[in-house]
Amino acid sequence: MAQWCQLQILDCKYLEQVDQLYDDSFPMDIRQYLSRWIESIDWDTVAMQDSLATVRFHDLLAQLDDQHSRFALENNFLLQHNIRKIKRNLQDRFQEDPVHMAMIISRNLKEEQKILTTAKSAEEGEGTVSAMVVEKQKLDNKVKEMKDRVQVADQNIKNLEDLQDEYDFKVNTLKNRENEMNGMTPKELEKEKMTVGRMCFELKAKRQDVVIQLTDLLNVTQALLSDLISEELPEWKQRQQIACIGGPPNACVDQLQNWFTAVAESLQQVRQHLKKLQELEQKFTYDNDPITQKKAYLEARALELLKNLLSNSLVVERQPCMPTHPQRPLVLKTGVQFTVKLRFLVKLQEFNYQLKVKAVFDKDVTEKKGFRKFNILGTNTKVMNMEESNGSLAAEFRHLQLKEQKVAGNRTNEGPLIVTEELHSLSFESELQLNQSGLNIKLEAISLPVVVISNVCQLPSGWASILWYNMLTTEPKNLKFFLTPPPAKWSQLSEVLSWQFSSVTKRGLNQEQLNMLADKLLGAKAQRNPEGLIPWTKFCKQSANEKAFPFWLWIEGILDVIKRHLLPLWNDGSIMGFISKEREKALLSDKCPGTFLLRFSESSREGAITFTWIEHDVHDKPLFHSVEPYTKKELTAVSLPDIIRTYKVMAAENIPENPLRFLYPDIPKDKAFGKYYPKPSETAEPMDVENPEKTGYMKTELISVSEVHPSRLQDNMMPMSPDDYKALSQYVSPRDIDAVTNNLISGFEDFDDQMSADFPDQN
């Protein structure tokens, strides 16, 4: 099966990942229309050759022309227009740079393959299909059952209407013939009355059946509505919480919208059916008429179900977030714009432009001593309308800001919580009037609690509060959470910590790295117990070590240095990162001299990285050396691969040498980091040492050099390279090498003294 066909049968959470691959620069329409042709080309090769890329670019335009012709034959004017527009946009973007287009297609095809692999692995790992997929299928079946019942009821009401019209005709005909002078014979009259009687009996039976069917339909709808409001909607909101703090991306809001819309449409049809029954009742009724007896009850029940559905349909699709910090939602800075998006899950055309939503900050929050108050600046009302991209009924606030209300006099009434632990809420209100019912429905949606900061330096601590809250509770209104914050289990916190890395890089934390962090937070005696409890103060307030800064600020500093300077190395697994010094020595102790590993410094709040390598002394005793950690300041001047490439160790008057040979466990240094080394310039810059002003400057290069005290030379540094020493030690014992070396050094010292005596300094 073609790759594009495989993608289209995946679950919605994977389809949303596919959707994110395509935008206006290379729209999904092209991928859909030209899927076979696109998959038949080796785009990796095309992306490496300018001439081939140009050919393929024009081939693609020709393919679009063919597709346009097919739409013309189908008289599909809209799709013809779209194809012409897509072609013009492609020419504007890639006419001068077709290689760029080839790179985009190549990248997207690879990402699609990753999505397919992930989906396949998930299915295999769960045996057959995931629990989420099973639940989705169950709900889809319930929705189908509801729709089928609506269609059956609709057909039965039409049949009932036809039968009642026929009955009315028969009754009126019978009355007219009875009044005629030359009417029917008594026998014919009796026969006709029996026919009318049978029709009346059948009519009453059908009325009873229709009322029972509508009652059963409302029972099925109520059960489905309960599943949506009590289970599916809260589960979606919980997945959204997880996504906000770096977890797997939230998915299936479109599926939730489809379910809500289907229920709303069915309830609207039931209400139309009840109106039709009322019309039939007005034309003909009788004692114990089921329509008369049940009509008011069914109308009230259908309306109550619809009201319940609509009042739960307004949701915060995208939580409040500053565009300047997209990976830190729910932390807002005063004076900085933030965005938030709402969606109405019932997508009916009659609601388009009917919902006006107003944003309110800290609604219904009781006045608390020291609790800061804020005003919302910017346009705080929006009208919900159908989006062009997916047709959803949505409203996006893009230019909201917060401004703190001034407190008269000095602020001596400080509250019990610090700024970054003070939680606030953002509410959204609206009102919906149902046509012809006279019923106004109050709508409200509440964002997850937000932290408001006044200085960007408070962002890390504010984000820690957001992590802790959304990790431990699903209650959106618990603004007093940090008065008595509960502890977190290590099993919970370890997952969230890994998300902080995987959400901004391509790699989370492995078990080895998490073990080191567990020992740091729980202590070695806890033996990394998954049920071990970590207090909030231990995570974000108390000093994690003798350097007096909290654990979370240490992690945040490391995340920052990774994003700024170490991202490729972290992504390809070159950085071991989190490892204790004891574990470090255990890993290196049996490795070749010059084997090194990269780890993060435990003593730097701002984030720093160091490397440790192993050597052996003359007695084959392992010696470990760690370089002074490199901070963002040093890494800004020289990249870490360059530091590793040029690093030197120098002792006394020895020639400096690079002791780093193998990245743990046994990867040659240049193989591990060669792809990150700076490429030599194509033409060497001419140099003239005698006259530098005439031909240019002499090139320089920054290198890292560690000086070793002479007293460590014999123990820690060898007067020959590690390779030479290893080769020599195969034939000569370490003791003999040591003796010869000492004699040589002594001989050189005597020779130096003699030369000084024979040739005294003439100056």
# chains A, B, ... in the order shown; residues from 1 in each chain; ligands from 1
>>> residues_around(residues="Glu531 of chain A", least_positions_apart="3", cutoff="10 Å", atoms="only C-alpha atoms", output="MDAnalysis selection string")
chainID A and resid 488:492 526 528 534
>>> residues_around(residues="segment 371-375 of chain A", least_positions_apart="2", cutoff="12 Å", atoms="only C-alpha atoms", output="PyMOL selection string")
chain A and resi 332-335+359-363+365-369+377-378+380+400-407+411-426+451-454+479-480
>>> residues_around(residues="segment 561-569 of chain A", least_positions_apart="4", cutoff="9 Å", atoms="only C-alpha atoms", output="list in words")
Val504, Thr505, Lys506, Glu556, Gly557, Gly573, Ser574, Ile575, Glu606, Gly607, Ala608, Ile609, Thr631, Lys632, Leu635, Thr636, Ser639, Leu640, Pro641, Phe673 and Tyr676 of chain A
>>> residues_around(residues="segment 133-147 of chain A", least_positions_apart="2", cutoff="9 Å", atoms="only C-alpha atoms", output="PDB file with N, CA and C atoms, in the first residue's frame")
ATOM      1  N   ASP A  11      -5.099   6.538  13.205  1.00  0.00           N
ATOM      2  CA  ASP A  11      -5.936   7.204  14.190  1.00  0.00           C
ATOM      3  C   ASP A  11      -5.754   8.715  14.080  1.00  0.00           C
ATOM      4  N   VAL A 129      -4.877  -3.255  19.253  1.00  0.00           N
ATOM      5  CA  VAL A 129      -5.101  -1.821  19.085  1.00  0.00           C
ATOM      6  C   VAL A 129      -5.169  -1.184  20.459  1.00  0.00           C
ATOM      7  N   SER A 130      -4.893   0.096  20.521  1.00  0.00           N
ATOM      8  CA  SER A 130      -4.838   0.785  21.805  1.00  0.00           C
ATOM      9  C   SER A 130      -6.218   0.894  22.417  1.00  0.00           C
ATOM     10  N   ALA A 131      -6.223   1.133  23.727  1.00  0.00           N
ATOM     11  CA  ALA A 131      -7.493   1.293  24.432  1.00  0.00           C
ATOM     12  C   ALA A 131      -8.247   2.507  23.918  1.00  0.00           C
ATOM     13  N   ARG A 149     -31.340   5.258  14.430  1.00  0.00           N
ATOM     14  CA  ARG A 149     -32.646   5.368  15.096  1.00  0.00           C
ATOM     15  C   ARG A 149     -33.380   6.640  14.658  1.00  0.00           C
ATOM     16  N   VAL A 150     -32.611   7.722  14.469  1.00  0.00           N
ATOM     17  CA  VAL A 150     -33.218   8.970  14.006  1.00  0.00           C
ATOM     18  C   VAL A 150     -33.834   8.768  12.625  1.00  0.00           C
ATOM     19  N   GLN A 151     -33.112   8.090  11.742  1.00  0.00           N
ATOM     20  CA  GLN A 151     -33.627   7.845  10.386  1.00  0.00           C
ATOM     21  C   GLN A 151     -34.871   6.963  10.409  1.00  0.00           C
ATOM     22  N   VAL A 152     -34.848   5.934  11.263  1.00  0.00           N
ATOM     23  CA  VAL A 152     -36.014   5.046  11.367  1.00  0.00           C
ATOM     24  C   VAL A 152     -37.222   5.816  11.884  1.00  0.00           C
ATOM     25  N   LEU A 217     -35.026   6.513  21.578  1.00  0.00           N
ATOM     26  CA  LEU A 217     -33.985   7.326  20.949  1.00  0.00           C
ATOM     27  C   LEU A 217     -33.387   8.320  21.943  1.00  0.00           C
ATOM     28  N   LEU A 218     -34.220   8.934  22.744  1.00  0.00           N
ATOM     29  CA  LEU A 218     -33.708   9.868  23.752  1.00  0.00           C
ATOM     30  C   LEU A 218     -32.909   9.141  24.831  1.00  0.00           C
ATOM     31  N   VAL A 220     -31.046   6.434  24.301  1.00  0.00           N
ATOM     32  CA  VAL A 220     -29.749   6.170  23.674  1.00  0.00           C
ATOM     33  C   VAL A 220     -28.919   7.449  23.616  1.00  0.00           C
ATOM     34  N   THR A 221     -29.561   8.562  23.253  1.00  0.00           N
ATOM     35  CA  THR A 221     -28.859   9.842  23.159  1.00  0.00           C
ATOM     36  C   THR A 221     -28.354  10.288  24.522  1.00  0.00           C
ATOM     37  N   LEU A 224     -25.259   8.278  25.424  1.00  0.00           N
ATOM     38  CA  LEU A 224     -24.118   8.759  24.647  1.00  0.00           C
ATOM     39  C   LEU A 224     -23.634  10.108  25.161  1.00  0.00           C
ATOM     40  N   ASP A 227     -21.592   9.690  28.245  1.00  0.00           N
ATOM     41  CA  ASP A 227     -20.230   9.240  27.933  1.00  0.00           C
ATOM     42  C   ASP A 227     -19.354  10.414  27.496  1.00  0.00           C
ATOM     43  N   LEU A 228     -19.917  11.290  26.672  1.00  0.00           N
ATOM     44  CA  LEU A 228     -19.134  12.409  26.149  1.00  0.00           C
ATOM     45  C   LEU A 228     -18.780  13.412  27.245  1.00  0.00           C
ATOM     46  N   GLN A 255     -12.306  14.868  16.587  1.00  0.00           N
ATOM     47  CA  GLN A 255     -13.196  13.725  16.797  1.00  0.00           C
ATOM     48  C   GLN A 255     -14.237  14.051  17.852  1.00  0.00           C
ATOM     49  N   TRP A 259     -18.435  14.103  17.438  1.00  0.00           N
ATOM     50  CA  TRP A 259     -19.400  13.433  18.308  1.00  0.00           C
ATOM     51  C   TRP A 259     -20.419  14.429  18.868  1.00  0.00           C
ATOM     52  N   ALA A 262     -22.806  15.529  16.156  1.00  0.00           N
ATOM     53  CA  ALA A 262     -23.762  14.472  15.784  1.00  0.00           C
ATOM     54  C   ALA A 262     -24.902  14.391  16.796  1.00  0.00           C
ATOM     55  N   VAL A 263     -24.586  14.498  18.087  1.00  0.00           N
ATOM     56  CA  VAL A 263     -25.631  14.452  19.121  1.00  0.00           C
ATOM     57  C   VAL A 263     -26.548  15.664  18.997  1.00  0.00           C
ATOM     58  N   SER A 266     -28.894  15.246  16.079  1.00  0.00           N
ATOM     59  CA  SER A 266     -29.940  14.257  16.369  1.00  0.00           C
ATOM     60  C   SER A 266     -31.007  14.846  17.284  1.00  0.00           C
TER      61      SER A 266
END
>>> residues_around(residues="Glu615 of chain A", least_positions_apart="2", cutoff="10 Å", atoms="only C-alpha atoms", output="number ranges by chain")
A: 588-589, 591-596, 613, 617-618, 620-625, 659-660, 716-718, 722
>>> write_last_selection(atoms="N, CA, C and O atoms", output="PDB file, in the first residue's frame")
ATOM      1  N   LEU A 588      34.389   4.301  33.091  1.00  0.00           N
ATOM      2  CA  LEU A 588      35.642   4.563  32.383  1.00  0.00           C
ATOM      3  C   LEU A 588      36.792   3.655  32.811  1.00  0.00           C
ATOM      4  O   LEU A 588      37.796   3.541  32.102  1.00  0.00           O
ATOM      5  N   SER A 589      36.667   3.033  33.974  1.00  0.00           N
ATOM      6  CA  SER A 589      37.819   2.368  34.591  1.00  0.00           C
ATOM      7  C   SER A 589      38.431   1.265  33.717  1.00  0.00           C
ATOM      8  O   SER A 589      39.648   1.050  33.761  1.00  0.00           O
ATOM      9  N   LYS A 591      38.306   1.158  30.350  1.00  0.00           N
ATOM     10  CA  LYS A 591      38.400   1.604  28.965  1.00  0.00           C
ATOM     11  C   LYS A 591      39.834   2.005  28.611  1.00  0.00           C
ATOM     12  O   LYS A 591      40.687   2.185  29.485  1.00  0.00           O
ATOM     13  N   CYS A 592      40.074   2.132  27.301  1.00  0.00           N
ATOM     14  CA  CYS A 592      41.405   2.523  26.821  1.00  0.00           C
ATOM     15  C   CYS A 592      41.758   3.927  27.300  1.00  0.00           C
ATOM     16  O   CYS A 592      40.872   4.771  27.472  1.00  0.00           O
ATOM     17  N   PRO A 593      43.064   4.208  27.510  1.00  0.00           N
ATOM     18  CA  PRO A 593      43.473   5.570  27.849  1.00  0.00           C
ATOM     19  C   PRO A 593      42.974   6.548  26.783  1.00  0.00           C
ATOM     20  O   PRO A 593      43.001   6.254  25.585  1.00  0.00           O
ATOM     21  N   GLY A 594      42.484   7.690  27.234  1.00  0.00           N
ATOM     22  CA  GLY A 594      41.967   8.691  26.303  1.00  0.00           C
ATOM     23  C   GLY A 594      40.478   8.568  26.049  1.00  0.00           C
ATOM     24  O   GLY A 594      39.903   9.384  25.322  1.00  0.00           O
ATOM     25  N   THR A 595      39.817   7.556  26.660  1.00  0.00           N
ATOM     26  CA  THR A 595      38.361   7.452  26.538  1.00  0.00           C
ATOM     27  C   THR A 595      37.721   8.497  27.443  1.00  0.00           C
ATOM     28  O   THR A 595      38.103   8.642  28.605  1.00  0.00           O
ATOM     29  N   PHE A 596      36.740   9.213  26.934  1.00  0.00           N
ATOM     30  CA  PHE A 596      36.122  10.297  27.709  1.00  0.00           C
ATOM     31  C   PHE A 596      34.615  10.278  27.517  1.00  0.00           C
ATOM     32  O   PHE A 596      34.080   9.669  26.592  1.00  0.00           O
ATOM     33  N   TRP A 613      38.196  12.141  31.290  1.00  0.00           N
ATOM     34  CA  TRP A 613      38.856  11.079  30.540  1.00  0.00           C
ATOM     35  C   TRP A 613      39.730  10.246  31.468  1.00  0.00           C
ATOM     36  O   TRP A 613      40.045  10.650  32.586  1.00  0.00           O
ATOM     37  N   ASP A 617      48.665   5.345  34.994  1.00  0.00           N
ATOM     38  CA  ASP A 617      50.031   5.722  35.363  1.00  0.00           C
ATOM     39  C   ASP A 617      50.978   4.573  35.016  1.00  0.00           C
ATOM     40  O   ASP A 617      50.580   3.565  34.423  1.00  0.00           O
ATOM     41  N   VAL A 618      52.238   4.736  35.384  1.00  0.00           N
ATOM     42  CA  VAL A 618      53.248   3.733  35.020  1.00  0.00           C
ATOM     43  C   VAL A 618      52.988   2.393  35.685  1.00  0.00           C
ATOM     44  O   VAL A 618      53.532   1.374  35.273  1.00  0.00           O
ATOM     45  N   ASP A 620      49.967   1.186  35.837  1.00  0.00           N
ATOM     46  CA  ASP A 620      48.697   0.778  35.234  1.00  0.00           C
ATOM     47  C   ASP A 620      47.499   1.074  36.138  1.00  0.00           C
ATOM     48  O   ASP A 620      46.452   0.437  36.051  1.00  0.00           O
ATOM     49  N   LYS A 621      47.670   2.046  36.999  1.00  0.00           N
ATOM     50  CA  LYS A 621      46.565   2.475  37.857  1.00  0.00           C
ATOM     51  C   LYS A 621      45.738   3.518  37.109  1.00  0.00           C
ATOM     52  O   LYS A 621      46.288   4.461  36.552  1.00  0.00           O
ATOM     53  N   PRO A 622      44.411   3.359  37.074  1.00  0.00           N
ATOM     54  CA  PRO A 622      43.596   4.329  36.327  1.00  0.00           C
ATOM     55  C   PRO A 622      43.581   5.699  37.007  1.00  0.00           C
ATOM     56  O   PRO A 622      43.469   5.797  38.236  1.00  0.00           O
ATOM     57  N   LEU A 623      43.709   6.717  36.197  1.00  0.00           N
ATOM     58  CA  LEU A 623      43.646   8.098  36.670  1.00  0.00           C
ATOM     59  C   LEU A 623      42.554   8.817  35.893  1.00  0.00           C
ATOM     60  O   LEU A 623      42.440   8.640  34.672  1.00  0.00           O
ATOM     61  N   PHE A 624      41.756   9.615  36.580  1.00  0.00           N
ATOM     62  CA  PHE A 624      40.635  10.306  35.951  1.00  0.00           C
ATOM     63  C   PHE A 624      40.857  11.808  36.026  1.00  0.00           C
ATOM     64  O   PHE A 624      41.227  12.344  37.073  1.00  0.00           O
ATOM     65  N   HIS A 625      40.637  12.491  34.915  1.00  0.00           N
ATOM     66  CA  HIS A 625      40.804  13.935  34.853  1.00  0.00           C
ATOM     67  C   HIS A 625      39.519  14.560  34.332  1.00  0.00           C
ATOM     68  O   HIS A 625      38.948  14.091  33.337  1.00  0.00           O
ATOM     69  N   PRO A 659      44.611  14.715  24.999  1.00  0.00           N
ATOM     70  CA  PRO A 659      44.453  13.393  25.623  1.00  0.00           C
ATOM     71  C   PRO A 659      43.154  12.699  25.230  1.00  0.00           C
ATOM     72  O   PRO A 659      42.934  11.555  25.622  1.00  0.00           O
ATOM     73  N   LEU A 660      42.259  13.370  24.504  1.00  0.00           N
ATOM     74  CA  LEU A 660      40.940  12.820  24.188  1.00  0.00           C
ATOM     75  C   LEU A 660      41.014  12.007  22.901  1.00  0.00           C
ATOM     76  O   LEU A 660      41.335  12.542  21.835  1.00  0.00           O
ATOM     77  N   ASN A 716      50.810  11.482  36.651  1.00  0.00           N
ATOM     78  CA  ASN A 716      49.619  11.615  35.820  1.00  0.00           C
ATOM     79  C   ASN A 716      49.902  11.786  34.349  1.00  0.00           C
ATOM     80  O   ASN A 716      49.045  11.541  33.522  1.00  0.00           O
ATOM     81  N   MET A 717      51.097  12.287  33.977  1.00  0.00           N
ATOM     82  CA  MET A 717      51.397  12.531  32.576  1.00  0.00           C
ATOM     83  C   MET A 717      52.589  11.682  32.171  1.00  0.00           C
ATOM     84  O   MET A 717      53.558  11.559  32.900  1.00  0.00           O
ATOM     85  N   MET A 718      52.531  11.128  30.997  1.00  0.00           N
ATOM     86  CA  MET A 718      53.621  10.297  30.505  1.00  0.00           C
ATOM     87  C   MET A 718      54.432  11.078  29.492  1.00  0.00           C
ATOM     88  O   MET A 718      53.876  11.852  28.711  1.00  0.00           O
ATOM     89  N   PRO A 722      50.199   8.059  24.519  1.00  0.00           N
ATOM     90  CA  PRO A 722      49.590   6.812  25.009  1.00  0.00           C
ATOM     91  C   PRO A 722      49.836   5.629  24.083  1.00  0.00           C
ATOM     92  O   PRO A 722      50.062   4.514  24.541  1.00  0.00           O
TER      93      PRO A 722
END
>>> residues_around(residues="Cys252 of chain A", least_positions_apart="4", cutoff="10 Å", atoms="only C-alpha atoms", output="NGL selection string")
:A and (11-16 or 136 or 236 or 239 or 256-258)
>>> write_last_selection(atoms="N, CA, C and O atoms", output="short mmCIF file (atom, residue, chain, number, x, y, z; two decimals), in the first residue's frame")
data_model
loop_
_atom_site.label_atom_id
_atom_site.label_comp_id
_atom_site.auth_asym_id
_atom_site.auth_seq_id
_atom_site.Cartn_x
_atom_site.Cartn_y
_atom_site.Cartn_z
N ASP A 11 -5.10 6.54 13.20
CA ASP A 11 -5.94 7.20 14.19
C ASP A 11 -5.75 8.72 14.08
O ASP A 11 -4.73 9.21 13.59
N CYS A 12 -6.73 9.47 14.57
CA CYS A 12 -6.72 10.92 14.39
C CYS A 12 -5.51 11.59 15.04
O CYS A 12 -5.04 12.62 14.56
N LYS A 13 -4.99 11.02 16.14
CA LYS A 13 -3.84 11.66 16.78
C LYS A 13 -2.62 11.65 15.87
O LYS A 13 -1.78 12.55 15.91
N TYR A 14 -2.50 10.62 15.01
CA TYR A 14 -1.39 10.58 14.05
C TYR A 14 -1.68 11.47 12.85
O TYR A 14 -0.78 12.09 12.29
N LEU A 15 -2.95 11.54 12.45
CA LEU A 15 -3.30 12.40 11.33
C LEU A 15 -3.04 13.86 11.65
O LEU A 15 -2.65 14.64 10.77
N GLU A 16 -3.23 14.25 12.90
CA GLU A 16 -2.93 15.63 13.28
C GLU A 16 -1.43 15.91 13.21
O GLU A 16 -1.02 17.03 12.91
N LYS A 136 -12.82 4.74 21.00
CA LYS A 136 -13.29 5.55 19.86
C LYS A 136 -14.26 4.73 19.01
O LYS A 136 -15.31 5.24 18.57
N TRP A 236 -10.08 14.31 27.46
CA TRP A 236 -9.43 15.22 26.51
C TRP A 236 -8.76 16.37 27.25
O TRP A 236 -7.64 16.75 26.93
N ARG A 239 -5.59 15.13 28.80
CA ARG A 239 -4.53 15.00 27.80
C ARG A 239 -3.97 16.38 27.42
O ARG A 239 -2.78 16.53 27.16
N LEU A 256 -13.81 14.72 18.93
CA LEU A 256 -14.74 15.14 19.98
C LEU A 256 -15.80 16.07 19.39
O LEU A 256 -16.99 15.96 19.71
N GLN A 257 -15.37 16.98 18.53
CA GLN A 257 -16.30 17.90 17.88
C GLN A 257 -17.30 17.14 17.02
O GLN A 257 -18.50 17.47 17.01
N ASN A 258 -16.85 16.13 16.30
CA ASN A 258 -17.76 15.34 15.46
C ASN A 258 -18.83 14.65 16.29
O ASN A 258 -20.01 14.60 15.90
#
>>> residues_around(residues="His399 of chain A", least_positions_apart="3", cutoff="12 Å", atoms="only C-alpha atoms", output="list of chain:residue names")
A:Pro320, A:Cys321, A:Met322, A:Pro323, A:Gly335, A:Val336, A:Gln337, A:Phe338, A:Thr339, A:Val340, A:Lys341, A:Ala359, A:Ile376, A:Leu377, A:Gly378, A:Thr379, A:Asn380, A:Thr381, A:Lys382, A:Glu396, A:Leu402
>>> write_last_selection(atoms="C-alpha atoms", output="tab-separated table (two decimals), in the first residue's frame")
chain	number	residue	atom	x	y	z
A	320	PRO	CA	-2.97	30.98	27.28
A	321	CYS	CA	0.59	31.34	26.01
A	322	MET	CA	3.03	34.12	25.20
A	323	PRO	CA	4.19	33.82	21.56
A	335	GLY	CA	2.80	43.95	29.61
A	336	VAL	CA	3.50	41.10	27.16
A	337	GLN	CA	0.84	39.94	24.71
A	338	PHE	CA	-0.51	36.41	25.00
A	339	THR	CA	-2.87	34.32	22.90
A	340	VAL	CA	-5.63	31.87	23.74
A	341	LYS	CA	-8.05	30.00	21.47
A	359	ALA	CA	-12.56	37.10	28.54
A	376	ILE	CA	-7.04	42.70	30.93
A	377	LEU	CA	-5.85	45.07	28.22
A	378	GLY	CA	-6.63	44.66	24.53
A	379	THR	CA	-9.72	43.31	22.81
A	380	ASN	CA	-11.32	41.02	25.39
A	381	THR	CA	-14.43	40.13	23.34
A	382	LYS	CA	-14.56	38.00	20.21
A	396	GLU	CA	-8.80	33.30	18.97
A	402	LEU	CA	-2.26	41.87	31.78
>>> closest_atom_pairs(of="segment 350-443 of chain A", to="segment 310-314 of chain A", cutoff="7 Å", atoms="only C-alpha atoms", output="Markdown table")
| residue | atom | partner | partner_atom | distance |
| --- | --- | --- | --- | --- |
| A:Ile441 | CA | A:Ser311 | CA | 6.7 |
| A:Lys442 | CA | A:Ser311 | CA | 6.7 |
| A:Leu443 | CA | A:Ser311 | CA | 5.3 |
>>> closest_residue(among="A:Gly508, A:Pro476, A:Pro98, A:Pro487", to="Val316 of chain A", atoms="only C-alpha atoms")
A:Pro476
>>> select_by_dssp(residues="segment 508-681 of chain A", states="strand (DSSP E or B)", output="number ranges by chain")
A: 533-534, 543, 550, 577, 595-600, 609-616, 622-626, 630, 648-651, 657, 662-663, 667-668
>>> write_last_selection(atoms="C-alpha atoms", output="PDB file, in the first residue's frame")
ATOM      1  CA  LEU A 533       7.883  11.136  47.526  1.00  0.00           C
ATOM      2  CA  ILE A 534       9.547  14.417  46.580  1.00  0.00           C
ATOM      3  CA  SER A 543      19.278  23.944  47.752  1.00  0.00           C
ATOM      4  CA  PRO A 550      17.270  24.494  43.839  1.00  0.00           C
ATOM      5  CA  GLY A 577      24.764  14.294  30.681  1.00  0.00           C
ATOM      6  CA  THR A 595      38.361   7.452  26.538  1.00  0.00           C
ATOM      7  CA  PHE A 596      36.122  10.297  27.709  1.00  0.00           C
ATOM      8  CA  LEU A 597      32.489  11.108  28.304  1.00  0.00           C
ATOM      9  CA  LEU A 598      30.462  14.307  28.503  1.00  0.00           C
ATOM     10  CA  ARG A 599      28.421  15.182  31.570  1.00  0.00           C
ATOM     11  CA  PHE A 600      26.675  18.220  33.000  1.00  0.00           C
ATOM     12  CA  ILE A 609      29.205  20.829  30.636  1.00  0.00           C
ATOM     13  CA  THR A 610      32.495  19.079  31.281  1.00  0.00           C
ATOM     14  CA  PHE A 611      34.324  16.008  30.067  1.00  0.00           C
ATOM     15  CA  THR A 612      36.235  13.397  32.017  1.00  0.00           C
ATOM     16  CA  TRP A 613      38.856  11.079  30.540  1.00  0.00           C
ATOM     17  CA  ILE A 614      40.897   8.168  31.791  1.00  0.00           C
ATOM     18  CA  GLU A 615      44.659   7.575  31.734  1.00  0.00           C
ATOM     19  CA  HIS A 616      46.897   4.995  33.380  1.00  0.00           C
ATOM     20  CA  PRO A 622      43.596   4.329  36.327  1.00  0.00           C
ATOM     21  CA  LEU A 623      43.646   8.098  36.670  1.00  0.00           C
ATOM     22  CA  PHE A 624      40.635  10.306  35.951  1.00  0.00           C
ATOM     23  CA  HIS A 625      40.804  13.935  34.853  1.00  0.00           C
ATOM     24  CA  SER A 626      37.900  16.361  34.529  1.00  0.00           C
ATOM     25  CA  TYR A 630      32.291  25.104  30.096  1.00  0.00           C
ATOM     26  CA  LYS A 648      45.443  20.270  24.929  1.00  0.00           C
ATOM     27  CA  VAL A 649      47.058  19.284  28.189  1.00  0.00           C
ATOM     28  CA  MET A 650      50.456  20.824  29.007  1.00  0.00           C
ATOM     29  CA  ALA A 651      52.833  20.119  31.882  1.00  0.00           C
ATOM     30  CA  GLU A 657      48.981  17.086  23.474  1.00  0.00           C
ATOM     31  CA  PHE A 662      37.566   7.906  22.172  1.00  0.00           C
ATOM     32  CA  LEU A 663      34.059   9.023  23.066  1.00  0.00           C
ATOM     33  CA  ILE A 667      33.897   5.761  19.287  1.00  0.00           C
ATOM     34  CA  PRO A 668      36.925   7.517  17.741  1.00  0.00           C
TER      35      PRO A 668
END
>>> closest_residue(among="A:Ala548, A:Lys237, A:Asn308, A:Ala205", to="Thr474 of chain A", atoms="only C-alpha atoms")
A:Lys237
>>> atom_distance(atom1="atom CA of Asn440 of chain A", atom2="atom CA of Glu317 of chain A")
23.7 Å
>>> closest_residue(among="A:Val211, A:Leu587, A:Leu21, A:Leu61", to="Ile115 of chain A", atoms="only C-alpha atoms")
A:Leu21
>>> decode(residues="segment 604-610 of chain A", atoms="N, CA, C and O atoms", output="mmCIF file, in the first residue's frame")
data_model
loop_
_atom_site.group_PDB
_atom_site.id
_atom_site.type_symbol
_atom_site.label_atom_id
_atom_site.label_comp_id
_atom_site.auth_asym_id
_atom_site.auth_seq_id
_atom_site.Cartn_x
_atom_site.Cartn_y
_atom_site.Cartn_z
ATOM 1 N N SER A 604 26.951 24.219 38.672
ATOM 2 C CA SER A 604 26.658 25.446 37.934
ATOM 3 C C SER A 604 25.157 25.636 37.811
ATOM 4 O O SER A 604 24.455 24.793 37.255
ATOM 5 N N ARG A 605 24.660 26.746 38.304
ATOM 6 C CA ARG A 605 23.235 27.051 38.200
ATOM 7 C C ARG A 605 22.846 27.410 36.771
ATOM 8 O O ARG A 605 21.730 27.125 36.328
ATOM 9 N N GLU A 606 23.738 28.046 36.034
ATOM 10 C CA GLU A 606 23.435 28.523 34.692
ATOM 11 C C GLU A 606 23.512 27.420 33.636
ATOM 12 O O GLU A 606 23.161 27.649 32.483
ATOM 13 N N GLY A 607 23.983 26.260 34.019
ATOM 14 C CA GLY A 607 24.131 25.170 33.067
ATOM 15 C C GLY A 607 25.529 25.135 32.488
ATOM 16 O O GLY A 607 25.989 26.103 31.895
ATOM 17 N N ALA A 608 26.237 24.053 32.678
ATOM 18 C CA ALA A 608 27.607 23.916 32.171
ATOM 19 C C ALA A 608 27.876 22.445 31.889
ATOM 20 O O ALA A 608 27.221 21.553 32.441
ATOM 21 N N ILE A 609 28.871 22.195 31.020
ATOM 22 C CA ILE A 609 29.205 20.829 30.636
ATOM 23 C C ILE A 609 30.708 20.626 30.757
ATOM 24 O O ILE A 609 31.502 21.549 30.557
ATOM 25 N N THR A 610 31.082 19.420 31.133
ATOM 26 C CA THR A 610 32.495 19.079 31.281
ATOM 27 C C THR A 610 32.735 17.718 30.650
ATOM 28 O O THR A 610 31.800 17.027 30.274
#
